[in-house]
Each structure stands twice: as C-alpha cells, then as structure tokens.
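Text of final24.cif (mmCIF, C-alpha atoms) as supplied:
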data_query
loop_
_atom_site.label_atom_id
_atom_site.label_comp_id
_atom_site.auth_asym_id
_atom_site.auth_seq_id
_atom_site.Cartn_x
_atom_site.Cartn_y
_atom_site.Cartn_z
CA THR A 53 -12.53 18.73 -25.13
CA LEU A 54 -10.20 16.37 -27.00
CA PHE A 55 -7.57 14.29 -25.28
CA ARG A 56 -4.57 12.39 -26.59
CA SER A 57 -3.41 9.30 -24.80
CA ILE A 58 -0.10 7.51 -24.54
CA GLN A 59 0.34 4.03 -23.15
CA ILE A 60 3.63 2.38 -22.24
CA LYS A 61 3.73 -1.28 -21.22
CA ASN A 62 6.73 -3.21 -19.89
CA ARG A 63 6.61 -6.96 -19.34
CA THR A 64 7.66 -8.04 -15.86
CA ASN A 65 7.69 -11.22 -13.80
CA GLU A 66 6.96 -9.36 -10.57
CA ASN A 67 4.21 -7.11 -9.29
CA VAL A 68 6.13 -3.85 -9.34
CA LEU A 69 3.46 -1.89 -7.46
CA ALA A 70 3.19 -4.46 -4.68
CA ASN A 71 6.98 -4.71 -4.27
CA ASN A 72 7.77 -1.01 -4.78
CA PRO A 73 4.62 1.13 -4.36
CA GLU A 74 6.59 4.41 -4.31
CA LEU A 75 8.30 3.39 -7.57
CA HIS A 76 11.80 4.28 -6.39
CA THR A 77 14.62 3.21 -8.69
CA SER A 78 16.22 -0.10 -7.80
CA LYS A 79 19.45 0.71 -9.67
CA THR A 80 22.62 1.13 -7.63
CA ASP A 81 23.57 4.49 -9.18
CA LYS A 82 20.48 6.31 -7.90
CA ALA A 83 21.83 9.77 -8.74
CA CYS A 84 21.63 8.96 -12.46
CA HIS A 85 18.35 6.99 -12.51
CA GLY A 86 14.72 7.32 -11.50
CA TYR A 87 13.85 10.39 -13.55
CA GLY A 88 11.46 8.90 -16.12
CA LEU A 89 8.20 8.87 -14.17
CA LYS A 90 9.12 12.10 -12.36
CA ILE A 91 9.41 13.85 -15.72
CA VAL A 92 6.19 12.29 -17.01
CA ARG A 93 4.33 13.33 -13.85
CA SER A 94 5.60 16.91 -14.12
CA ILE A 95 4.36 17.12 -17.73
CA VAL A 96 0.99 15.67 -16.73
CA ASP A 97 0.71 18.23 -13.92
CA LYS A 98 1.78 21.12 -16.13
CA TYR A 99 -0.87 20.34 -18.75
CA ASN A 100 -3.65 19.24 -16.36
CA GLY A 101 -3.50 15.69 -17.63
CA ILE A 102 -4.18 12.34 -16.07
CA ILE A 103 -1.72 9.55 -15.31
CA ASN A 104 -2.64 5.98 -14.42
CA ILE A 105 -0.08 3.40 -13.33
CA GLN A 106 -1.11 -0.20 -12.77
CA MET A 107 -0.18 -3.83 -13.21
CA GLU A 108 -2.13 -5.58 -15.93
CA GLY A 109 -1.65 -9.19 -17.02
CA GLY A 110 2.09 -9.37 -16.35
CA TYR A 111 2.75 -5.84 -17.60
CA PHE A 112 3.65 -2.63 -15.78
CA CYS A 113 1.39 -0.13 -17.55
CA THR A 114 1.54 3.63 -17.59
CA ARG A 115 -1.23 5.57 -19.33
CA VAL A 116 -1.18 9.32 -19.80
CA MET A 117 -3.96 11.52 -21.12
CA LEU A 118 -3.30 15.13 -22.11
CA GLU A 119 -5.79 17.71 -23.30
CA CYS A 120 -5.28 18.86 -26.88
CA ILE A 121 -4.65 22.58 -27.07
#

With the file now loaded, output its structure as structure tokens.
Amino acid sequence: TLFRSIQIKNRTNENVLANNPELHTSKTDKACHGYGLKIVRSIVDKYNGIINIQMEGGYFCTRVMLECI
C-alpha cells in the first residue's frame, strides 16, 4: 500500500497543545473560524488516513497520511 503525506508547520512562540489541547479557535468571531482542522480530520476519516498533531521545536506541526487509491 502506498501513502502520500502532507506536512504543515506554523512557527509559534507558545505551546499550542499545552495551552489549547482541544484546539478551539481563539478568534473572537468563532462562527467564521475554526474549520481548518475539522475539515482536515473529516478528509482523513473519509479516506482512512492518519493525522498527527504535535509541537516540534517551536512549530505547531500537522502531518497527514492518506492511502493512494
């Protein structure tokens, strides 16, 4: 089985996972924000993929692996 991976890294001065483990949006207009990871997670679920979210050397890292069809 072949997999494709995607990695997104955002530099941050704080430990996002320690301060916000549920990863809720911190923006004031919550009705219009907070969809990014929800959408990514739904795609990962739909295609039986794997998602890994962690802090790594000052970066908030999201890695996704999807099976090639």

List the residues matched by the PyMOL selection byres ((chain A and resi 96-112) around 8) in the displayed structure as a count of residues only, ordered by chain and then by residue number.
20

Applying the PyMOL selection byres ((chain A and resi 75) around 12) to the file I just gave you, which residues come out? Please list them as a ChimeraX atom specification.
/A:67-74,76-79,85-90,105-106,112

Edge lengths and centre in Å, axis-aligned, region 58-63 of chain A plus 8 Å each side, as JSON:
{"center_x": 3.3, "center_y": 0.3, "center_z": -21.9, "size_x": 22.8, "size_y": 30.5, "size_z": 21.2}

In the coordinates of the file, take the point (-6.3, 15.7, -27.7) and a cut-off of 9 Å; then, counting only C-alpha atoms, name each qualifying protein, DNA or RNA residue as a PyMOL selection string.
chain A and resi 53-57+117-121

Mind rebuilding region 55-71 of chain A with N, CA, C and O atoms and writing that out as a PDB file, in the frame of the given file?
ATOM      1  N   PHE A  55      -8.740  14.756 -26.016  1.00  0.00           N
ATOM      2  CA  PHE A  55      -7.570  14.290 -25.280  1.00  0.00           C
ATOM      3  C   PHE A  55      -6.760  13.362 -26.173  1.00  0.00           C
ATOM      4  O   PHE A  55      -7.295  12.684 -27.038  1.00  0.00           O
ATOM      5  N   ARG A  56      -5.480  13.352 -25.949  1.00  0.00           N
ATOM      6  CA  ARG A  56      -4.570  12.390 -26.590  1.00  0.00           C
ATOM      7  C   ARG A  56      -4.060  11.479 -25.489  1.00  0.00           C
ATOM      8  O   ARG A  56      -3.812  11.923 -24.367  1.00  0.00           O
ATOM      9  N   SER A  57      -3.902  10.232 -25.815  1.00  0.00           N
ATOM     10  CA  SER A  57      -3.410   9.300 -24.800  1.00  0.00           C
ATOM     11  C   SER A  57      -2.154   8.596 -25.282  1.00  0.00           C
ATOM     12  O   SER A  57      -1.944   8.392 -26.475  1.00  0.00           O
ATOM     13  N   ILE A  58      -1.339   8.252 -24.320  1.00  0.00           N
ATOM     14  CA  ILE A  58      -0.100   7.510 -24.540  1.00  0.00           C
ATOM     15  C   ILE A  58      -0.114   6.353 -23.556  1.00  0.00           C
ATOM     16  O   ILE A  58      -0.461   6.533 -22.383  1.00  0.00           O
ATOM     17  N   GLN A  59       0.255   5.180 -24.029  1.00  0.00           N
ATOM     18  CA  GLN A  59       0.340   4.030 -23.150  1.00  0.00           C
ATOM     19  C   GLN A  59       1.692   3.362 -23.332  1.00  0.00           C
ATOM     20  O   GLN A  59       2.126   3.126 -24.463  1.00  0.00           O
ATOM     21  N   ILE A  60       2.349   3.075 -22.232  1.00  0.00           N
ATOM     22  CA  ILE A  60       3.630   2.380 -22.240  1.00  0.00           C
ATOM     23  C   ILE A  60       3.465   1.133 -21.394  1.00  0.00           C
ATOM     24  O   ILE A  60       2.976   1.205 -20.260  1.00  0.00           O
ATOM     25  N   LYS A  61       3.857  -0.021 -21.940  1.00  0.00           N
ATOM     26  CA  LYS A  61       3.730  -1.280 -21.220  1.00  0.00           C
ATOM     27  C   LYS A  61       5.090  -1.980 -21.213  1.00  0.00           C
ATOM     28  O   LYS A  61       5.722  -2.092 -22.259  1.00  0.00           O
ATOM     29  N   ASN A  62       5.503  -2.435 -20.034  1.00  0.00           N
ATOM     30  CA  ASN A  62       6.730  -3.210 -19.890  1.00  0.00           C
ATOM     31  C   ASN A  62       6.398  -4.539 -19.243  1.00  0.00           C
ATOM     32  O   ASN A  62       5.789  -4.571 -18.175  1.00  0.00           O
ATOM     33  N   ARG A  63       6.827  -5.615 -19.889  1.00  0.00           N
ATOM     34  CA  ARG A  63       6.610  -6.960 -19.340  1.00  0.00           C
ATOM     35  C   ARG A  63       7.466  -7.146 -18.101  1.00  0.00           C
ATOM     36  O   ARG A  63       8.612  -6.716 -18.071  1.00  0.00           O
ATOM     37  N   THR A  64       6.914  -7.784 -17.079  1.00  0.00           N
ATOM     38  CA  THR A  64       7.660  -8.040 -15.860  1.00  0.00           C
ATOM     39  C   THR A  64       7.160  -9.315 -15.199  1.00  0.00           C
ATOM     40  O   THR A  64       5.984  -9.668 -15.354  1.00  0.00           O
ATOM     41  N   ASN A  65       8.049  -9.989 -14.510  1.00  0.00           N
ATOM     42  CA  ASN A  65       7.690 -11.220 -13.800  1.00  0.00           C
ATOM     43  C   ASN A  65       7.268 -10.951 -12.369  1.00  0.00           C
ATOM     44  O   ASN A  65       6.923 -11.882 -11.652  1.00  0.00           O
ATOM     45  N   GLU A  66       7.331  -9.693 -11.947  1.00  0.00           N
ATOM     46  CA  GLU A  66       6.960  -9.360 -10.570  1.00  0.00           C
ATOM     47  C   GLU A  66       5.883  -8.282 -10.562  1.00  0.00           C
ATOM     48  O   GLU A  66       5.690  -7.578 -11.543  1.00  0.00           O
ATOM     49  N   ASN A  67       5.194  -8.172  -9.450  1.00  0.00           N
ATOM     50  CA  ASN A  67       4.210  -7.110  -9.290  1.00  0.00           C
ATOM     51  C   ASN A  67       4.951  -5.886  -8.762  1.00  0.00           C
ATOM     52  O   ASN A  67       5.198  -5.754  -7.561  1.00  0.00           O
ATOM     53  N   VAL A  68       5.320  -5.021  -9.672  1.00  0.00           N
ATOM     54  CA  VAL A  68       6.130  -3.850  -9.340  1.00  0.00           C
ATOM     55  C   VAL A  68       5.450  -2.994  -8.279  1.00  0.00           C
ATOM     56  O   VAL A  68       6.090  -2.550  -7.324  1.00  0.00           O
ATOM     57  N   LEU A  69       4.175  -2.762  -8.402  1.00  0.00           N
ATOM     58  CA  LEU A  69       3.460  -1.890  -7.460  1.00  0.00           C
ATOM     59  C   LEU A  69       3.347  -2.503  -6.075  1.00  0.00           C
ATOM     60  O   LEU A  69       3.375  -1.782  -5.083  1.00  0.00           O
ATOM     61  N   ALA A  70       3.245  -3.811  -5.998  1.00  0.00           N
ATOM     62  CA  ALA A  70       3.190  -4.460  -4.680  1.00  0.00           C
ATOM     63  C   ALA A  70       4.565  -4.446  -4.017  1.00  0.00           C
ATOM     64  O   ALA A  70       4.669  -4.232  -2.813  1.00  0.00           O
ATOM     65  N   ASN A  71       5.616  -4.641  -4.806  1.00  0.00           N
ATOM     66  CA  ASN A  71       6.980  -4.710  -4.270  1.00  0.00           C
ATOM     67  C   ASN A  71       7.610  -3.339  -4.068  1.00  0.00           C
ATOM     68  O   ASN A  71       8.532  -3.187  -3.261  1.00  0.00           O
TER      69      ASN A  71
END
